[in-house]
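Visitor: Before I ask anything, here is the structure I am working with.
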Amino acid sequence: MTVAPGRTLSQALLTNMLLVATLSCVLIGCLWVAQETLRFKDDMRAMREQLIGARKETMRQQVDGAAAYLEFMRGQTEARTRRILKERVDEAHQLATHLYNQYRASKSEQELVELIREALRPIRFNSGRGYYFATRLDGIEQLCATCRHLEGQNLLDLRDTKGVPVIRNMIDLARGPGEGFISYTWSKPDAPGTDHIKISFIKLFEPLGWFIGTGEYLQDIEKDLQREALHWIRDIRYEQDGYVFAGRWDGVSLSGPGMGQNLSELTDVNGVKIVQEMIRLARGAGGFVSYVMPRFEGHRPLPKISYTRGVPAWQWYIGTGLYIDDIENDLADHRRQAVAALRWNIAKICLTLVVLWLGVFALVTRMNRRLQTMYAAFARFFDRGAHHGTEIALEGLAFEEFRELGRSANRMISQRREAERSLHQSRHFLETLIENSGALIFVKDSQGTYTLVNQAFEAATGLQRPAILGKTDAELFPADAETLRNNDLEVLRSKTVLNTEEQVHTVEGIKHFLSIKFPLFDSRGEVSGVCGMITEITDRKQVEAEKERLQAQLVQWQKMESIGRLAGGVAHDFNNMLSVILGHAEIAMEHIEPDQPLYARLVHIREAARRSADLTRQLLAFARKQTVVLHVLDLNDTVAGLLNMIRRLIREGIELVWQPGTETHLVTMDPSQIDQILVNLCVNASDAIGDTGTITIKTCAVTFDQASCTEYPGATPGDYVRLSVSDTGCGMDQETKALLFEPFFTTKEVGKGTGLGLATVYGIVQQNNGFLTVDSEPGQGTTFNIFLPRSAGAPETLNEEGLSPPASGRETILLVEDEPMILEMTVAMLQSLGYTVLSATTPDEALGLARAQTGAIDLLVTDVVMPAMNGSELAASLQSLRPTLKLLFMSGYTADVIAHHGVLAPGVHFLQKPFTRQELAAKVWEALHAEDDPLARK
């Protein structure tokens, strides 16, 4: 295609340089004219501001002086009030003193009281507001000019609106210094509210034992000062027509134009709300307002400036204003002279610029002819170097400027060759870096189709590159495609980097990834696809999950341990109190016939005490501090012996199935703890079953190694006996299972469960170094698996029936108890059983009784934990004096406290507080008829 010839560079250069010269001259001329105009305006503005500023300063001085005076007067309010009050009270005191001295010889005291009272009553001052009051020092009102009904009444308890005892404080002031001021808040008849500040001055009048006083509201004194201030403001005049005005913030004029009227809506011809603007400035720091004075009460309708400032304490504004028409007249004369001078300067500027343009034209024409010659020479050299791909020979260029252009062209050719080599190397490096990166790298287009993946991506997904490229996530990972695509679309939409966690179902299972996705842009700046750099975090997620599980176990263990410590801490004192309640209830029942109404109430007290004792035992069982006596037991035999009792506890429609293991399963436990475990689990199972169902109890032997212990929290390697209790009940959800062993947690109705049953089971299992698991789903029933350490050796034979104690005894018993109430109760119980009782509250007292007793002492019944000497030490000391002495220990402390005293050793007779009279009788008879004493052997 043929291109029409255009203008030459020299022609364009000539034209443009002339255009630039012309524009420069015009621009310089305009700037010069503009500068002169601005200077003229600045002079006018400065002169106007100077004249107006002088007026403003005069107005500011007048208003600030007035405001300062008002502030001074307002600051004198309280001082003036105090001065007036003291003067009036001094006058009343002088009058009362004069009357008293003149008539005390001729009149009785009552007549003097009446004379002085009636002399002071009619006196008024402070514009009729002020009056006198007088009060006797015992609080009896003697004079109240405005409230005569209070005279003769005792006002000692009279208080102000904030509860301050006003009369009492006045009496204290009269009895102390003898006179003084007192401030308080009071209601005001002519004003709303009750918190009006009032100041009173009182002075002691010793002859009659009175104090005389008067008071005044600060508001009233302040109003007097305001009236004086307004009179002063109205008299202020300055210059020709200057005056000071004042008004309230609600718009009412107090002095000046429109006095007494509300001028809030007063508006000038420009729409300025004059008074509203003054009030706005007065509410702040004060300021000036400009307006055109309306035709109002004879004022000239001309421009005016006013200055106002506020008196916030009174909610006033004060100000002054001056006309500025004479300033504008002076400025108009000066403006006419300045305009004439400006026009002459503009004419001189235009002539100068024309001469300058002609000179520039001649210079540009000469330079253009020389440049045409140089451009032609450089074009020939440049054309030869460009077409042949060789560098331009610089020797043929005559001028240094053109040689520099030639050097630039040669550098451009050299840099292009180097750029081509670098581009090839960078592409090869980038491909190698992506392919060998440890991170998974991919590229997708805007439709989600894979266009690039590296070998790490292949290894993580188990897919080969040909099977990936050209496909989408919906085709490769259908289970996760929606989430992956949504994340890609978020990057495409926001055009920002996205950090997120993703999971993918691969042939090797579910894998977790930490993905960094960012948008790719084409040459037009449009988003063309998504690039991702991914790190596999599957192993880390598994470690985090395990860490969370272990942390939850630790928190649960700490919580259980804290509750256990609390339960163990209160057990001793609680057991002692229950012992007294239970014992005295039983003693009282022996002295009352069963048909008496009180007998039934004592039965309720006894039963409540027993239930409280059971509750304490459950708490201690949960805390693993229950006092136990360990025996080697065959679990099968023990469970079989409890089946009849369990069948009586569950409903008739529920079948109880017993499936014992084939071998002998020995455990070391207190038999009563197995009773507690089975009873709590079977009763809960019965409650979870509807009308009919099955409860299954199983036993078997299991062994755990180190690997299998990881599946069971709390397990350690070893041999165990598993006790399983299963039911076909309603089952439970995961939320309920998480709270299952919490003390006092229950899903039963109010009054049908304490929430301690499963907590007790948990504590017993922990106390015996075992662990337990729960398997349950809603509607699928529940199975509790309890794992107890297996014991070696032979099972012990327990005397289940025991020996029945006789109704009474004749032996002598030494009873030692440091709690007086328990000592008294136990003595009464033993004496009612026929025993002779020697009681002592301390070990030293017990030793003294033993030495002084000439007859036999058959049995020592002693508390375990006592000050100075414990029960075991006392028993050893007494047995050294009386070797045949039998021993019975008792305590309300937890097992961990008394275990190291040796009283829980096999064969040692121990009675846990609280106890009943029958339990005491049985233990005493058992200890008296025992053949051997383990502590005596020591």
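Each chain of the structure tokens is named A, B, ... in the order shown, its residues numbered from 1; ligands are numbered from 1 in display order.
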Env of A:Phe910: 6 Å cut, atoms = only C-alpha atoms, seq-sep filter 6 positions within chain, self excluded. Answer as a list in words.
Guide: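 Near A:Phe910, the qualifying residues are Leu888, Phe889 and Met890 of chain A.
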Visitor: Can I get the selection written as a PDB file, in the first residue's frame, with all heavy atoms?
Guide:
ATOM      1  N   LEU A 888     -10.463 -50.417 117.925  1.00  0.00           N
ATOM      2  CA  LEU A 888     -11.425 -50.067 116.880  1.00  0.00           C
ATOM      3  C   LEU A 888     -11.181 -48.588 116.506  1.00  0.00           C
ATOM      4  O   LEU A 888     -11.269 -47.713 117.357  1.00  0.00           O
ATOM      5  CB  LEU A 888     -12.875 -50.252 117.357  1.00  0.00           C
ATOM      6  CG  LEU A 888     -13.957 -49.727 116.389  1.00  0.00           C
ATOM      7  CD1 LEU A 888     -13.866 -50.441 115.039  1.00  0.00           C
ATOM      8  CD2 LEU A 888     -15.341 -49.892 116.988  1.00  0.00           C
ATOM      9  N   PHE A 889     -10.836 -48.389 115.229  1.00  0.00           N
ATOM     10  CA  PHE A 889     -10.551 -47.037 114.750  1.00  0.00           C
ATOM     11  C   PHE A 889     -11.775 -46.492 114.006  1.00  0.00           C
ATOM     12  O   PHE A 889     -12.512 -47.253 113.364  1.00  0.00           O
ATOM     13  CB  PHE A 889      -9.348 -47.023 113.800  1.00  0.00           C
ATOM     14  CG  PHE A 889      -8.058 -47.423 114.470  1.00  0.00           C
ATOM     15  CD1 PHE A 889      -7.592 -48.727 114.401  1.00  0.00           C
ATOM     16  CD2 PHE A 889      -7.312 -46.491 115.181  1.00  0.00           C
ATOM     17  CE1 PHE A 889      -6.411 -49.101 115.003  1.00  0.00           C
ATOM     18  CE2 PHE A 889      -6.133 -46.863 115.787  1.00  0.00           C
ATOM     19  CZ  PHE A 889      -5.681 -48.171 115.711  1.00  0.00           C
ATOM     20  N   MET A 890     -11.943 -45.164 114.061  1.00  0.00           N
ATOM     21  CA  MET A 890     -13.027 -44.514 113.317  1.00  0.00           C
ATOM     22  C   MET A 890     -12.506 -43.172 112.780  1.00  0.00           C
ATOM     23  O   MET A 890     -11.615 -42.556 113.356  1.00  0.00           O
ATOM     24  CB  MET A 890     -14.257 -44.286 114.195  1.00  0.00           C
ATOM     25  CG  MET A 890     -14.005 -43.426 115.435  1.00  0.00           C
ATOM     26  SD  MET A 890     -15.504 -43.247 116.426  1.00  0.00           S
ATOM     27  CE  MET A 890     -14.918 -42.186 117.749  1.00  0.00           C
TER      28      MET A 890
END
Visitor: Neighbours of A:Leu156 within 6 Å (only C-alpha atoms; same-chain residues fewer than 3 positions away dropped), as a list of chain:residue names?
Guide: A:Gly139, A:Ile167, A:Arg168
Visitor: Export N, CA, C and O atoms of the chosen residues as a PDB file, in the first residue's frame?
Guide:
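Here's the written file selection.pdb:
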ATOM      1  N   GLY A 139     -32.350  19.667 118.734  1.00  0.00           N
ATOM      2  CA  GLY A 139     -33.060  19.421 117.492  1.00  0.00           C
ATOM      3  C   GLY A 139     -34.465  19.969 117.475  1.00  0.00           C
ATOM      4  O   GLY A 139     -35.147  19.861 116.444  1.00  0.00           O
ATOM      5  N   ILE A 167     -29.866  19.141 110.042  1.00  0.00           N
ATOM      6  CA  ILE A 167     -29.957  19.698 111.403  1.00  0.00           C
ATOM      7  C   ILE A 167     -28.822  19.164 112.267  1.00  0.00           C
ATOM      8  O   ILE A 167     -28.216  19.907 113.051  1.00  0.00           O
ATOM      9  N   ARG A 168     -28.523  17.858 112.127  1.00  0.00           N
ATOM     10  CA  ARG A 168     -27.404  17.297 112.909  1.00  0.00           C
ATOM     11  C   ARG A 168     -26.094  18.000 112.572  1.00  0.00           C
ATOM     12  O   ARG A 168     -25.279  18.286 113.455  1.00  0.00           O
TER      13      ARG A 168
END
Visitor: Using only C-alpha atoms, pick whichever of A:Lys348, A:Arg407, A:Arg610, A:Arg343 has the shortest atom-to-atom distance to A:Ile581.
Guide: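 Among the listed residues, the smallest separation from A:Ile581 belongs to A:Arg610.
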Visitor: What's the 9 Å shell around A:Glu501, counting only C-alpha atoms, without same-chain residues fewer than 4 positions away, as a PyMOL selection string?
Guide: chain A and resi 512-516
Visitor: Give me the residues within 8 Å of A:Asp818 as a compact mmCIF listing (two decimals) with C-alpha atoms, in the first residue's frame, counting only C-alpha atoms and dropping any in the same chain fewer than 6 places off.
Guide:
# COMPACT_ATOMS: atom_id res chain seq x y z
CA ALA A 840 -11.54 -38.45 126.47
CA THR A 841 -11.17 -35.57 123.95
CA THR A 842 -7.35 -35.77 123.64
CA ASP A 863 -10.46 -41.29 116.09
CA MET A 866 -6.13 -35.95 116.17
Visitor: Set the distance at 9 Å and use only C-alpha atoms: which residues neighbour A:Pro660 once local chain neighbours fewer than 6 positions away are removed? I'd like the list as a VMD selection string.
Guide: chain A and resid 636 639 to 640 697 to 700
Visitor: Produce a file of the selected residues containing C-alpha atoms, as a compact mmCIF listing (two decimals), in the first residue's frame.
Guide:
# COMPACT_ATOMS: atom_id res chain seq x y z
CA ASN A 636 -17.51 -64.19 88.46
CA VAL A 639 -21.16 -60.81 90.27
CA ALA A 640 -23.19 -64.03 90.59
CA ILE A 697 -23.53 -58.76 82.06
CA LYS A 698 -20.36 -60.44 80.72
CA THR A 699 -16.84 -61.10 81.96
CA CYS A 700 -13.70 -62.17 80.13
Visitor: Any idea what the distance is between atom CA of A:Leu656 and atom CA of A:Leu643?
Guide: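 Answer for the atom CA of A:Leu656 to atom CA of A:Leu643 separation: 8.3 Å.
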Visitor: Quick one: residues within 8 Å of A:Glu141, only C-alpha atoms counted, chain neighbours fewer than 2 positions away excluded, as a PyMOL selection string?
Guide: chain A and resi 134-136+139+143-144+150-155
Visitor: Ranking A:Thr77, A:Ser791, A:Asn410, A:Gln767 by minimum distance to A:Thr664 and counting only C-alpha atoms, which one comes first?
Guide: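 So, comparing all the options, the nearest one is A:Ser791.
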Visitor: What is the atom CA of A:Ala850-atom CA of A:Leu838 distance in Å, reported with one decimal?
Guide: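 A separation of 8.9 Å between them.
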Visitor: Enumerate as a VMD selection string all residues of stretch 47-142 of chain A assigned to alpha helix (DSSP H) by DSSP on the backbone, naming them with the chain letters and numbers the document uses.
Guide: chain A and resid 47 to 75 77 to 103 109 to 120
Visitor: Select, from A:Arg790, A:Lys304, A:Arg917, A:Lys495, the residue with the minimum atom-to-atom distance to A:Ser579, counting only C-alpha atoms.
Guide: A:Arg917
Visitor: Could you produce a table of the residues of stretch 51-105 of chain A lying within 8 Å of stretch 204-209 of chain A, with the nearest pair of atoms per residue and their separation in Å rounded to one decimal, using only C-alpha atoms, ordered by chain and increasing residue number, as a tab-separated table?
Guide:
residue	atom	partner	partner_atom	distance
A:His93	CA	A:Phe205	CA	7.0
A:Thr97	CA	A:Phe205	CA	7.9
A:Tyr100	CA	A:Pro207	CA	7.9
